[in-house]
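Below: final-v3.txt (compact mmCIF, C-alpha atoms)
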# COMPACT_ATOMS: atom_id res chain seq x y z
CA MET A 28 62.69 -0.20 -11.98
CA LYS A 29 62.41 1.50 -8.58
CA LYS A 30 59.10 3.07 -9.65
CA ILE A 31 57.72 -0.33 -10.69
CA ILE A 32 58.77 -1.93 -7.39
CA SER A 33 57.21 0.99 -5.50
CA LEU A 34 53.94 0.58 -7.44
CA LEU A 35 53.86 -3.16 -6.76
CA LEU A 36 54.41 -2.59 -3.06
CA SER A 37 51.54 -0.07 -3.01
CA ILE A 38 49.20 -2.59 -4.65
CA ILE A 39 50.23 -5.28 -2.14
CA ILE A 40 49.59 -2.90 0.74
CA VAL A 41 46.11 -1.94 -0.56
CA ILE A 42 45.17 -5.58 -1.09
CA SER A 43 46.29 -6.48 2.43
CA ILE A 44 44.33 -3.66 4.09
CA PRO A 45 40.92 -5.40 4.27
CA LEU A 46 42.45 -8.24 6.28
CA SER A 47 43.96 -5.93 8.91
CA VAL A 48 40.86 -3.74 8.89
CA SER A 49 38.47 -6.63 9.46
CA ALA A 50 40.48 -7.64 12.54
CA LYS A 51 40.15 -4.21 14.19
CA GLU A 52 36.91 -2.79 12.87
CA THR A 53 33.97 -1.72 15.04
CA THR A 54 30.45 -2.50 13.84
CA PHE A 55 28.78 0.82 13.13
CA LEU A 56 25.01 0.92 13.63
CA LEU A 57 23.16 3.58 11.64
CA ASN A 58 20.72 4.41 14.43
CA ASN A 59 21.72 8.04 15.08
CA SER A 60 23.73 7.06 18.17
CA TRP A 61 27.15 8.57 18.86
CA TYR A 62 30.32 6.46 18.79
CA GLU A 63 33.26 7.98 20.63
CA GLY A 64 36.91 7.51 19.75
CA TYR A 65 40.42 8.95 20.06
CA VAL A 66 43.33 9.15 17.65
CA ASP A 67 46.96 10.12 18.29
CA ASP A 68 50.48 9.03 17.39
CA ILE A 69 49.93 5.61 19.01
CA ASN A 70 46.30 4.95 18.07
CA ILE A 71 46.73 6.21 14.54
CA THR A 72 43.62 4.81 12.84
CA ASN A 73 40.16 3.64 13.89
CA TRP A 74 37.99 1.60 11.55
CA TYR A 75 34.21 1.14 11.51
CA CYS A 76 32.12 -1.15 9.34
CA PHE A 77 28.46 -1.13 8.28
CA THR A 78 26.41 -3.11 5.75
CA LEU A 79 23.40 -1.81 3.77
CA GLU A 80 20.69 -4.06 2.36
CA ASP A 81 19.35 -1.37 0.03
CA ASP A 82 20.33 1.66 -2.00
CA GLY A 83 19.58 4.94 -0.28
CA VAL A 84 20.77 8.06 1.50
CA LEU A 85 23.63 7.79 4.00
CA SER A 86 23.91 10.66 6.50
CA LEU A 87 26.96 10.99 8.77
CA ALA A 88 27.90 13.53 11.42
CA LEU A 89 31.48 13.76 12.73
CA MET A 90 32.14 15.89 15.83
CA HIS A 91 35.90 16.49 16.05
CA TYR A 92 37.87 18.08 18.89
CA SER A 93 40.96 18.40 16.72
CA GLY A 94 41.94 17.84 13.13
CA VAL A 95 41.33 14.33 11.73
CA GLY A 96 41.37 12.49 8.45
CA PHE A 97 37.99 11.04 7.48
CA THR A 98 37.34 8.52 4.67
CA VAL A 99 34.51 6.13 3.71
CA TYR A 100 35.49 3.20 1.46
CA ASN A 101 33.59 0.52 -0.40
CA ASP A 102 33.82 -3.14 0.60
CA ASP A 103 37.25 -3.90 -0.90
CA LEU A 104 38.72 -0.44 -0.20
CA SER A 105 39.15 0.14 -3.93
CA GLU A 106 36.86 3.16 -4.08
CA VAL A 107 36.57 6.24 -1.90
CA VAL A 108 32.96 7.22 -1.26
CA ILE A 109 33.56 10.19 1.07
CA SER A 110 36.87 11.83 1.92
CA ASP A 111 37.67 14.92 3.98
CA TRP A 112 40.52 16.59 5.82
CA LEU A 113 39.16 18.25 8.95
CA GLN A 114 41.52 20.88 10.37
CA HIS A 115 39.45 22.62 13.03
CA GLY A 116 38.00 21.88 16.46
CA THR A 117 39.43 22.01 19.98
CA ALA A 118 38.78 20.30 23.27
CA ASP A 119 36.70 23.30 24.39
CA SER A 120 35.06 24.02 21.06
CA PRO A 121 34.44 20.95 18.88
CA VAL A 122 33.23 21.28 15.30
CA THR A 123 30.58 19.03 13.73
CA SER A 124 30.93 18.22 10.04
CA LYS A 125 27.96 16.65 8.23
CA TYR A 126 27.91 14.47 5.11
CA GLU A 127 25.16 13.05 2.91
CA GLU A 128 25.74 10.62 0.08
CA ILE A 129 23.49 8.40 -2.05
CA ILE A 130 25.13 4.98 -2.05
CA SER A 131 24.42 1.43 -3.17
CA LYS A 132 23.73 -1.55 -0.98
CA GLY A 133 26.84 -3.34 0.26
CA THR A 134 29.50 -3.25 2.96
CA TYR A 135 31.45 -0.06 3.74
CA TYR A 136 34.37 0.95 5.96
CA ILE A 137 34.87 4.24 7.77
CA LYS A 138 38.45 5.28 8.50
CA ILE A 139 39.29 8.00 11.02
CA SER A 140 42.99 8.76 11.34
CA SER A 141 45.34 11.06 13.20
CA TYR A 142 47.29 11.97 10.07
CA VAL A 143 46.54 13.28 6.60
CA ASP A 144 48.91 12.89 3.68
CA THR A 145 48.10 15.72 1.26
CA GLY A 146 50.77 14.71 -1.22
CA ILE A 147 52.86 17.75 -0.34
CA GLY A 148 53.12 16.99 3.35
CA VAL A 149 51.84 14.87 6.22
CA PHE A 150 49.73 16.55 8.93
CA ARG A 151 49.35 14.87 12.33
CA TYR A 152 46.70 15.40 14.99
CA SER A 153 45.58 13.96 18.29
CA GLY A 154 42.23 14.29 19.98
CA LYS A 155 38.77 12.96 20.64
CA TYR A 156 35.94 12.63 18.14
CA ARG A 157 32.33 11.40 18.01
CA ILE A 158 30.57 9.97 14.97
CA LYS A 159 26.98 8.91 14.25
CA GLY A 160 24.92 8.07 11.19
CA THR A 161 21.51 7.28 9.74
CA PHE A 162 20.35 5.61 6.55
CA LYS A 163 17.13 5.95 4.55
CA GLY A 164 16.60 3.08 2.12
CA TYR A 165 14.88 3.53 -1.24
CA LYS A 166 13.19 0.08 -1.18
CA THR A 167 14.67 -0.71 -4.57
CA ASN A 168 13.65 -3.84 -6.44
CA ASP A 169 16.02 -3.70 -9.40
CA LYS A 170 18.32 -6.67 -9.78
CA GLU A 171 22.01 -5.96 -10.08
CA PRO A 172 24.19 -5.85 -11.99
CA ASN A 173 21.63 -4.54 -14.57
CA ASP A 174 24.52 -3.25 -16.61
CA PHE A 175 25.01 -3.16 -20.38
CA ASP A 176 25.99 -6.84 -20.56
CA CYS A 177 23.19 -7.99 -18.24
CA PRO A 178 20.23 -5.59 -18.49
CA MET A 179 17.22 -6.30 -16.27
CA LEU A 180 14.01 -7.25 -18.08
CA ILE A 181 11.02 -5.01 -17.31
CA ALA A 182 7.67 -6.76 -17.78
CA PRO A 183 4.70 -4.63 -18.84
CA GLN A 184 2.83 -2.91 -16.00
CA LYS A 185 5.58 -3.74 -13.48
CA THR A 186 7.23 -0.84 -11.65
CA ILE A 187 10.98 -0.98 -11.13
CA ILE A 188 12.50 1.12 -8.33
CA GLY A 189 16.17 1.85 -8.84
CA ALA A 190 18.85 4.39 -8.04
CA VAL A 191 21.97 5.87 -9.53
CA THR A 192 24.47 6.31 -6.71
CA ALA A 193 28.04 7.22 -5.89
CA GLN A 194 29.05 3.69 -6.99
CA ASP A 195 26.38 2.75 -9.53
CA HIS A 196 26.40 5.43 -12.23
CA ILE A 197 24.46 3.68 -15.01
CA ASP A 198 21.59 1.16 -15.07
CA TRP A 199 20.44 -0.73 -18.16
CA TYR A 200 17.04 -2.35 -18.71
CA LYS A 201 15.38 -4.13 -21.59
CA LEU A 202 11.80 -4.65 -22.73
CA VAL A 203 10.48 -7.13 -25.27
CA ILE A 204 7.66 -6.15 -27.63
CA SER A 205 5.89 -9.25 -29.00
CA LYS A 206 3.89 -7.48 -31.71
CA PRO A 207 3.86 -3.96 -33.19
CA LYS A 208 2.17 -1.74 -30.62
CA THR A 209 2.22 1.70 -29.08
CA ILE A 210 3.52 1.84 -25.52
CA ILE A 211 3.52 4.42 -22.72
CA LEU A 212 6.73 4.57 -20.67
CA THR A 213 6.47 6.34 -17.31
CA PHE A 214 9.56 7.68 -15.55
CA ASN A 215 9.37 9.12 -12.02
CA HIS A 216 12.63 10.77 -10.99
CA TYR A 217 13.53 12.15 -7.58
CA CYS A 218 16.60 13.96 -8.92
CA ASN A 219 18.16 15.21 -12.13
CA ILE A 220 18.82 12.15 -14.25
CA PHE A 221 19.53 10.96 -17.80
CA TYR A 222 17.16 8.61 -19.65
CA CYS A 223 17.16 7.18 -23.17
CA LEU A 224 15.44 4.40 -25.15
CA TYR A 225 17.33 2.43 -27.82
CA ASN A 226 16.41 -0.26 -30.32
CA GLN A 227 18.28 -3.57 -30.50
CA ASP A 228 21.01 -1.91 -32.61
CA LEU A 229 21.42 0.76 -29.91
CA ILE A 230 19.99 3.47 -32.14
CA GLU A 231 18.24 6.10 -30.07
CA ILE A 232 14.44 6.24 -30.31
CA THR A 233 12.73 9.52 -29.46
CA ASP A 234 9.20 10.40 -28.41
CA PRO A 235 7.92 12.74 -31.18
CA GLU A 236 6.13 14.92 -28.61
CA ASN A 237 8.42 14.97 -25.58
CA GLY A 238 11.86 13.82 -26.67
CA GLN A 239 14.21 12.41 -24.03
CA GLY A 240 17.60 13.04 -22.48
CA TRP A 241 18.53 15.03 -19.38
CA LEU A 242 15.52 15.12 -17.03
CA GLN A 243 15.56 17.94 -14.51
CA GLY A 244 13.57 18.36 -11.34
CA GLY A 245 12.20 16.13 -8.63
CA ASN A 246 13.33 15.60 -5.06
CA GLU A 247 13.00 13.07 -2.26
CA GLN A 248 9.56 14.37 -1.25
CA SER A 249 8.10 15.23 -4.67
CA PRO A 250 9.23 13.32 -7.77
CA THR A 251 8.77 14.63 -11.29
CA VAL A 252 6.68 12.37 -13.52
CA GLU A 253 7.55 12.06 -17.21
CA LYS A 254 5.47 10.07 -19.71
CA TYR A 255 6.69 9.03 -23.15
CA LYS A 256 4.71 7.52 -26.00
CA TYR A 257 6.42 5.26 -28.54
CA LYS A 258 5.11 3.32 -31.53
CA LEU A 259 7.35 0.26 -31.61
CA ASN A 260 7.78 -2.71 -33.89
CA LYS A 261 8.26 -6.25 -32.63
CA GLY A 262 11.67 -6.65 -31.01
CA THR A 263 13.91 -6.00 -28.02
CA TYR A 264 14.56 -2.47 -26.75
CA TYR A 265 16.97 -1.06 -24.17
CA ILE A 266 16.65 1.71 -21.60
CA LYS A 267 19.64 3.55 -20.19
CA VAL A 268 19.43 5.46 -16.90
CA ALA A 269 22.51 7.46 -15.90
CA ASP A 270 23.65 10.06 -13.38
CA SER A 271 25.33 12.30 -15.95
CA PHE A 272 24.78 13.83 -19.37
CA ASP A 273 27.27 15.42 -21.73
CA SER A 274 25.46 18.28 -23.46
CA GLY A 275 28.44 19.19 -25.59
CA ILE A 276 28.99 22.39 -23.63
CA GLY A 277 29.20 20.79 -20.21
CA ILE A 278 28.48 17.68 -18.18
CA PHE A 279 25.37 17.66 -16.00
CA ARG A 280 25.30 15.36 -12.96
CA GLY A 281 22.78 14.08 -10.47
CA ASN A 282 22.05 10.94 -8.49
CA GLY A 283 19.14 9.50 -6.56
CA LYS A 284 16.05 7.36 -6.77
CA TYR A 285 13.84 6.71 -9.79
CA GLN A 286 10.87 4.55 -10.80
CA ILE A 287 10.34 3.21 -14.29
CA SER A 288 7.45 1.26 -15.84
CA TRP A 289 5.75 0.75 -19.18
CA LYS A 290 2.44 -0.45 -20.50
CA TYR A 291 0.77 -1.01 -23.82
CA TYR A 292 -1.20 2.02 -24.93
CA VAL A 293 -4.87 1.06 -25.32
CA LYS A 294 -7.29 3.77 -26.36
CA LYS A 295 -10.47 3.94 -24.30
CA PRO A 296 -13.98 4.34 -25.78
CA SER A 297 -14.70 8.06 -26.12
CA LYS A 298 -18.44 7.70 -25.40
CA LEU A 299 -20.71 5.53 -23.25
CA TYR A 300 -24.45 6.12 -23.47
CA VAL A 301 -27.92 4.52 -23.19
CA THR A 302 -29.78 3.81 -26.41
CA SER A 303 -32.86 2.32 -24.75
CA HIS A 304 -34.28 3.11 -21.30
CA LYS A 305 -36.79 0.67 -19.83
CA THR A 306 -38.05 -0.03 -16.33
CA THR A 307 -36.04 -3.24 -15.89
CA SER A 308 -33.38 -3.00 -18.59
CA LEU A 309 -30.93 -0.60 -20.20
CA LYS A 310 -29.26 -0.98 -23.55
CA LEU A 311 -25.77 0.47 -23.43
CA SER A 312 -23.60 1.44 -26.38
CA TRP A 313 -20.12 2.88 -26.65
CA SER A 314 -17.85 4.18 -29.38
CA LYS A 315 -15.76 1.63 -31.23
CA VAL A 316 -11.99 1.56 -30.76
CA GLY A 317 -9.71 0.34 -33.50
CA ASP A 318 -7.02 -2.34 -33.06
CA VAL A 319 -8.37 -3.79 -29.81
CA SER A 320 -9.36 -7.33 -28.83
CA GLY A 321 -12.57 -6.43 -27.01
CA TYR A 322 -14.27 -4.52 -24.22
CA GLN A 323 -14.98 -5.05 -20.53
CA LEU A 324 -18.27 -3.74 -19.12
CA GLN A 325 -18.84 -3.35 -15.36
CA HIS A 326 -21.52 -2.01 -13.02
CA LYS A 327 -21.21 -0.56 -9.53
CA SER A 328 -21.94 -3.15 -6.86
CA GLY A 329 -21.79 -1.82 -3.30
CA LYS A 330 -18.45 -0.09 -2.88
CA GLY A 331 -16.82 -2.02 -5.71
CA TRP A 332 -17.35 -2.94 -9.34
CA LYS A 333 -18.54 -6.19 -10.89
CA THR A 334 -17.92 -7.34 -14.44
CA ILE A 335 -21.07 -7.81 -16.49
CA LYS A 336 -19.54 -8.89 -19.76
CA ARG A 337 -16.40 -9.10 -21.85
CA THR A 338 -17.43 -8.71 -25.46
CA THR A 339 -16.20 -7.82 -28.91
CA SER A 340 -19.41 -5.87 -29.59
CA ASN A 341 -19.82 -2.18 -28.77
CA SER A 342 -23.28 -2.57 -27.21
CA TYR A 343 -24.93 -4.67 -24.54
CA ALA A 344 -28.42 -4.92 -23.01
CA VAL A 345 -28.35 -5.09 -19.21
CA LYS A 346 -31.48 -6.87 -17.97
CA ASN A 347 -33.25 -7.84 -14.73
CA LEU A 348 -32.82 -4.43 -13.15
CA LYS A 349 -35.07 -2.71 -10.63
CA SER A 350 -37.27 0.12 -11.84
CA GLY A 351 -36.43 3.73 -10.94
CA THR A 352 -32.95 2.84 -9.77
CA LYS A 353 -29.70 4.75 -10.16
CA LYS A 354 -27.11 2.70 -12.03
CA GLU A 355 -23.41 3.28 -12.63
CA PHE A 356 -21.53 1.65 -15.49
CA ARG A 357 -18.06 1.78 -16.91
CA VAL A 358 -16.41 0.30 -19.99
CA ARG A 359 -12.85 -0.08 -21.19
CA SER A 360 -11.14 -1.66 -24.17
CA PHE A 361 -8.37 -4.24 -24.02
CA ILE A 362 -5.77 -5.95 -26.16
CA GLU A 363 -4.30 -9.43 -25.77
CA VAL A 364 -0.56 -9.97 -26.03
CA ASP A 365 1.07 -13.34 -25.26
CA GLY A 366 -2.10 -14.52 -23.53
CA ASN A 367 -2.29 -11.49 -21.22
CA LYS A 368 -4.90 -8.73 -21.32
CA TYR A 369 -3.91 -5.06 -21.19
CA TYR A 370 -6.60 -2.48 -20.58
CA SER A 371 -7.34 1.14 -21.35
CA SER A 372 -8.63 3.57 -18.75
CA TRP A 373 -12.37 3.58 -17.98
CA LYS A 374 -15.22 5.51 -19.56
CA THR A 375 -17.98 5.93 -16.98
CA LEU A 376 -21.74 6.61 -17.07
CA THR A 377 -24.33 7.32 -14.38
CA THR A 378 -27.93 6.79 -15.41
CA ALA A 379 -31.20 5.25 -14.14
CA THR A 380 -33.90 2.84 -15.17
CA LYS A 381 -37.34 4.25 -15.82
CA PRO A 382 -39.69 4.28 -12.83
CA SER A 383 -42.86 2.21 -12.95
CA THR A 384 -46.08 3.65 -14.35
CA PRO A 385 -48.46 5.07 -11.72
CA SER A 386 -52.05 3.87 -11.71
CA ILE A 387 -54.29 6.94 -12.17
CA LYS A 388 -57.69 7.20 -10.52
CA THR A 389 -60.78 8.89 -11.95
CA PRO A 390 -60.25 12.66 -11.54
CA SER A 391 -62.76 14.91 -9.79
CA THR A 392 -63.78 18.56 -10.06
CA ASN A 393 -65.33 21.24 -7.87
CA LYS A 394 -67.19 24.57 -8.12
CA LYS A 395 -63.90 26.48 -8.10
CA HIS A 396 -63.25 25.12 -11.61
CA GLN A 397 -60.46 22.90 -10.29
CA ILE A 398 -59.59 19.39 -11.44
CA ILE A 399 -58.14 17.02 -8.85
CA VAL A 400 -55.97 14.17 -10.08
CA LYS A 401 -55.05 11.21 -7.85
CA TRP A 402 -52.82 8.19 -8.43
CA LYS A 403 -51.21 5.27 -6.64
CA LYS A 404 -47.72 5.89 -5.29
CA VAL A 405 -44.66 4.56 -7.13
CA SER A 406 -42.02 3.52 -4.60
CA ALA A 407 -38.85 4.07 -6.62
CA CYS A 408 -39.14 7.56 -8.02
CA SER A 409 -38.31 11.18 -7.22
CA GLY A 410 -41.67 12.71 -8.19
CA TYR A 411 -44.42 12.92 -10.77
CA GLN A 412 -45.47 14.90 -13.82
CA VAL A 413 -49.14 15.67 -14.48
CA GLN A 414 -50.49 16.79 -17.86
CA TYR A 415 -53.81 18.36 -18.84
CA SER A 416 -55.16 18.53 -22.39
CA ASN A 417 -58.37 19.26 -24.27
CA LYS A 418 -57.45 16.54 -26.76
CA LYS A 419 -57.63 12.85 -25.96
CA ASN A 420 -54.42 12.23 -27.89
CA PHE A 421 -52.67 15.13 -26.12
CA SER A 422 -51.82 16.80 -29.41
CA SER A 423 -52.52 20.04 -27.58
CA VAL A 424 -51.26 20.24 -24.00
CA ILE A 425 -52.83 22.89 -21.76
CA ALA A 426 -50.55 22.46 -18.76
CA THR A 427 -47.72 20.25 -17.48
CA LYS A 428 -47.08 20.30 -13.75
CA THR A 429 -44.24 18.72 -11.75
CA VAL A 430 -44.98 17.28 -8.32
CA SER A 431 -41.84 16.64 -6.29
CA GLY A 432 -41.63 13.76 -3.81
CA LYS A 433 -42.31 10.08 -4.28
CA ASP A 434 -45.00 10.06 -1.55
CA LYS A 435 -47.22 12.64 -3.27
CA THR A 436 -50.36 11.03 -4.72
CA SER A 437 -52.52 13.96 -5.88
CA TYR A 438 -52.46 17.32 -7.62
CA THR A 439 -55.11 20.03 -7.95
CA GLY A 440 -55.15 21.97 -11.21
CA LYS A 441 -56.78 25.40 -11.30
CA ASN A 442 -58.44 27.87 -13.69
CA PHE A 443 -60.23 25.41 -15.95
CA THR A 444 -63.32 26.40 -17.96
CA LYS A 445 -66.72 25.33 -16.67
CA GLY A 446 -68.51 22.82 -18.89
CA LYS A 447 -65.47 21.79 -20.92
CA THR A 448 -64.08 18.27 -20.99
CA TYR A 449 -60.41 17.78 -20.11
CA TYR A 450 -58.08 14.82 -20.29
CA VAL A 451 -55.37 14.03 -17.72
CA ARG A 452 -52.47 11.64 -17.37
CA VAL A 453 -49.54 11.21 -15.00
CA ARG A 454 -46.05 9.70 -15.06
CA ALA A 455 -43.24 9.22 -12.53
CA TYR A 456 -39.66 10.41 -12.86
CA LYS A 457 -36.33 9.60 -11.25
CA THR A 458 -33.67 12.31 -10.77
CA VAL A 459 -30.01 11.29 -10.91
CA ASN A 460 -27.23 13.89 -10.93
CA GLY A 461 -29.68 16.58 -12.01
CA THR A 462 -31.14 14.59 -14.93
CA LYS A 463 -34.78 13.43 -14.88
CA TYR A 464 -35.56 9.99 -16.26
CA TYR A 465 -39.27 9.67 -17.02
CA GLY A 466 -41.39 6.54 -16.91
CA ALA A 467 -44.31 5.78 -19.21
CA TRP A 468 -47.55 7.78 -19.08
CA SER A 469 -50.51 6.33 -17.25
CA SER A 470 -53.79 5.66 -18.97
CA VAL A 471 -55.79 8.77 -19.92
CA LYS A 472 -58.75 9.87 -17.80
CA SER A 473 -61.38 12.47 -18.75
CA ILE A 474 -63.40 14.86 -16.63
CA LYS A 475 -65.98 17.59 -17.37
CA CYS A 476 -65.20 20.69 -15.34
CA LYS A 477 -67.92 22.08 -13.08
In structure tokens, how does this file's structure come out?
Amino acid sequence: MKKIISLLLSIIIVISIPLSVSAKETTFLLNNSWYEGYVDDINITNWYCFTLEDDGVLSLALMHYSGVGFTVYNDDLSEVVISDWLQHGTADSPVTSKYEEIISKGTYYIKISSYVDTGIGVFRYSGKYRIKGTFKGYKTNDKEPNDFDCPMLIAPQKTIIGAVTAQDHIDWYKLVISKPKTIILTFNHYCNIFYCLYNQDLIEITDPENGQGWLQGGNEQSPTVEKYKYKLNKGTYYIKVADSFDSGIGIFRGNGKYQISWKYYVKKPSKLYVTSHKTTSLKLSWSKVGDVSGYQLQHKSGKGWKTIKRTTSNSYAVKNLKSGTKKEFRVRSFIEVDGNKYYSSWKTLTTATKPSTPSIKTPSTNKKHQIIVKWKKVSACSGYQVQYSNKKNFSSVIATKTVSGKDKTSYTGKNFTKGKTYYVRVRAYKTVNGTKYYGAWSSVKSIKCK
């Protein structure tokens, strides 16, 4: 009976503490500024209070000139976040003890006392101390309690930032798949952490390639990125994120920040190419992708991209283009789920329209057995190609010469045979990324060599 009465008195005392604490507490600003205090047999305990609007990293430094008891509690004093018994430090030689803890948003109390009850004895101290702190928030957007009974819904392509902390050891999420599809789940972790996907019966689902479980690596500056691919049926699924994992031979622990998101897996077209080059149009084609709703085709416009067409076909003729112009295109496939479109990554192509056809003038010759070819300049080109033949249909080509530069308008061919008739023609070309795109040949002109 005495033990029961003692236990009841202890509970009453603990429940009454917040009221007495709130009357004496000092607001503690986490701005790296020192707060000074003193504890002794008269001023036994000093209390400080701070409130966090986010999960994150709490850093505290306590400079003590004697021994002190140091404890950080949660808002109702039911849980100890940090606890230490500091035995060293003197008035001439203080000692600074540092603490770092990942904690959840909420209100906390710091208790600094002149005595420490170890359970086998009470130790008493008196002396000065200084304390300061900082806090780095994680900018979380998860909605508590996100526990097993109330998991937070993650919409596709929405990133959730959460944390497992000294108070919040497990987070639960759910995702709803409206039709059988393959999804990609991305998990960025800044610490060692446990992750698992379950179906609606809480049966574990594994990625055939990567598996799941205890994820190691990552830190505050450089997270580790894990990607998982699942083929799921229609239904509700659950994700568990925890700070510990029982391997069967030991328990692994870690806490910190994480990011989680998922999207429908949509395969992109493997090829994008031109099936017909013309001066003012290009016919584009791309490889078909199975189980998609359609394709989105875009072209580069200034520094951005502009949609040309959404289509179910795997080809499209782009018209009303300028001749001899570099063009950039990209295409991606998409699916529609619940009225929303979800896209693959892009397949890109850089190409050019054909340059215009140069107008060739009547060639001339001289006594050096040279044939001079002239033409009118084409504005949008990189250069020209000149051909010589002894056949009007160019079934036999004697020479093909490249003339670089759009402003060039003539070329002199050498070493022709006196008295023979030769045929010449010219065409423009446009170079884009090392590839030449040729326009049509000009009309054919003939000349008898001197």
Could you list, as a ChimeraX atom specification, every residue within 9 Å of Tyr438 in chain A, counting all atoms listed in the file and ignoring same-chain residues fewer than 2 positions away?
/A:398-401,413,428,430,435-436,440
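For the pair CA of Thr338 in chain A and CA of Ile210 in chain A, the separation is 23.5 Å.
The gap separating CA of Trp402 in chain A from CA of Ile387 in chain A is 4.2 Å, in Å to one decimal.
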Show me the residues close to (-14.9, -7.9, -28.6) - anything with an atom within 8 Å, counting all atoms listed in the file - and format the list as a ChimeraX atom specification.
/A:319-322,337-341
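For the pair CA of Lys206 in chain A and CA of Gln239 in chain A, the interatomic distance is 23.7 Å.
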In the coordinates of the file, take the point (32.6, 5.8, -4.2) and a cut-off of 8 Å; then, counting all atoms listed in the file, name each qualifying protein, DNA or RNA residue as an MDAnalysis selection string.
chainID A and resid 100:101 106:109 130 193:194
For range 146-156 of chain A, what centre and edge lengths in Å (one decimal) does the axis-aligned box get once 6 Å is added on each side of all its listed atoms, as AutoDock Vina command-line options?
--center_x 44.5 --center_y 15.2 --center_z 9.7 --size_x 29.2 --size_y 17.1 --size_z 33.9
Near-Val66 in chain A list (12 Å; all atoms listed in the file; drop same-chain fewer than 6 positions) as number ranges by chain:
A: 72-74, 91-97, 138-142, 151-157
Could you list, as an MDAnalysis selection string, every residue within 8 Å of Thr251 in chain A, counting only C-alpha atoms and ignoring same-chain residues fewer than 5 positions away?
chainID A and resid 215:217 244:246
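Proximity of A:Ser274, A:Asn367, A:Thr444, A:Ser416 to Asn393 in chain A, computed with all atoms listed in the file, is greatest for A:Thr444.
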Just the residues within 12 Å of Pro296 in chain A, please, counting all atoms listed in the file, with nothing from its chain fewer than 3 positions along; format it as JSON, numbers by chain.
{"A": [293, 299, 300, 312, 313, 314, 315, 316, 317, 319, 321, 322, 323, 324, 341, 342, 357, 358, 359, 360, 361, 370, 371, 372, 373, 374, 375, 376]}
Store the residues picked out above in a file with C-alpha atoms, as a JSON list (two decimals), keeping the file's coordinate frame.
[["chain", "number", "residue", "atom", "x", "y", "z"],
["A", 293, "VAL", "CA", -4.87, 1.06, -25.32],
["A", 299, "LEU", "CA", -20.71, 5.53, -23.25],
["A", 300, "TYR", "CA", -24.45, 6.12, -23.47],
["A", 312, "SER", "CA", -23.60, 1.44, -26.38],
["A", 313, "TRP", "CA", -20.12, 2.88, -26.65],
["A", 314, "SER", "CA", -17.85, 4.18, -29.38],
["A", 315, "LYS", "CA", -15.76, 1.63, -31.23],
["A", 316, "VAL", "CA", -11.99, 1.56, -30.76],
["A", 317, "GLY", "CA", -9.71, 0.34, -33.50],
["A", 319, "VAL", "CA", -8.37, -3.79, -29.81],
["A", 321, "GLY", "CA", -12.57, -6.43, -27.01],
["A", 322, "TYR", "CA", -14.27, -4.52, -24.22],
["A", 323, "GLN", "CA", -14.98, -5.05, -20.53],
["A", 324, "LEU", "CA", -18.27, -3.74, -19.12],
["A", 341, "ASN", "CA", -19.82, -2.18, -28.77],
["A", 342, "SER", "CA", -23.28, -2.57, -27.21],
["A", 357, "ARG", "CA", -18.06, 1.78, -16.91],
["A", 358, "VAL", "CA", -16.41, 0.30, -19.99],
["A", 359, "ARG", "CA", -12.85, -0.08, -21.19],
["A", 360, "SER", "CA", -11.14, -1.66, -24.17],
["A", 361, "PHE", "CA", -8.37, -4.24, -24.02],
["A", 370, "TYR", "CA", -6.60, -2.48, -20.58],
["A", 371, "SER", "CA", -7.34, 1.14, -21.35],
["A", 372, "SER", "CA", -8.63, 3.57, -18.75],
["A", 373, "TRP", "CA", -12.37, 3.58, -17.98],
["A", 374, "LYS", "CA", -15.22, 5.51, -19.56],
["A", 375, "THR", "CA", -17.98, 5.93, -16.98],
["A", 376, "LEU", "CA", -21.74, 6.61, -17.07]]
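Of the listed residues (A:Thr380, A:Ser303, A:Gln227, A:Ser423), A:Thr380 comes nearest to Gly466 in chain A; the distances count all atoms listed in the file.
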Restricting the calculation to all atoms listed in the file, which member of A:Asn237, A:Leu242, A:Asp144, A:Gly283 is positioned closest to Glu128 in chain A?
A:Gly283
Need to verify the contact set: Lys327 in chain A, 10 Å, only C-alpha atoms, exclusion of same-chain residues closer than 5 positions in sequence. Can you return it as number ranges by chain?
A: 332-334, 354-357, 377
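Between Val122 in chain A and the residues A:Met90, A:Val451, A:Leu229, A:Ile335, the shortest atom-to-atom distance, using only C-alpha atoms, involves A:Met90.
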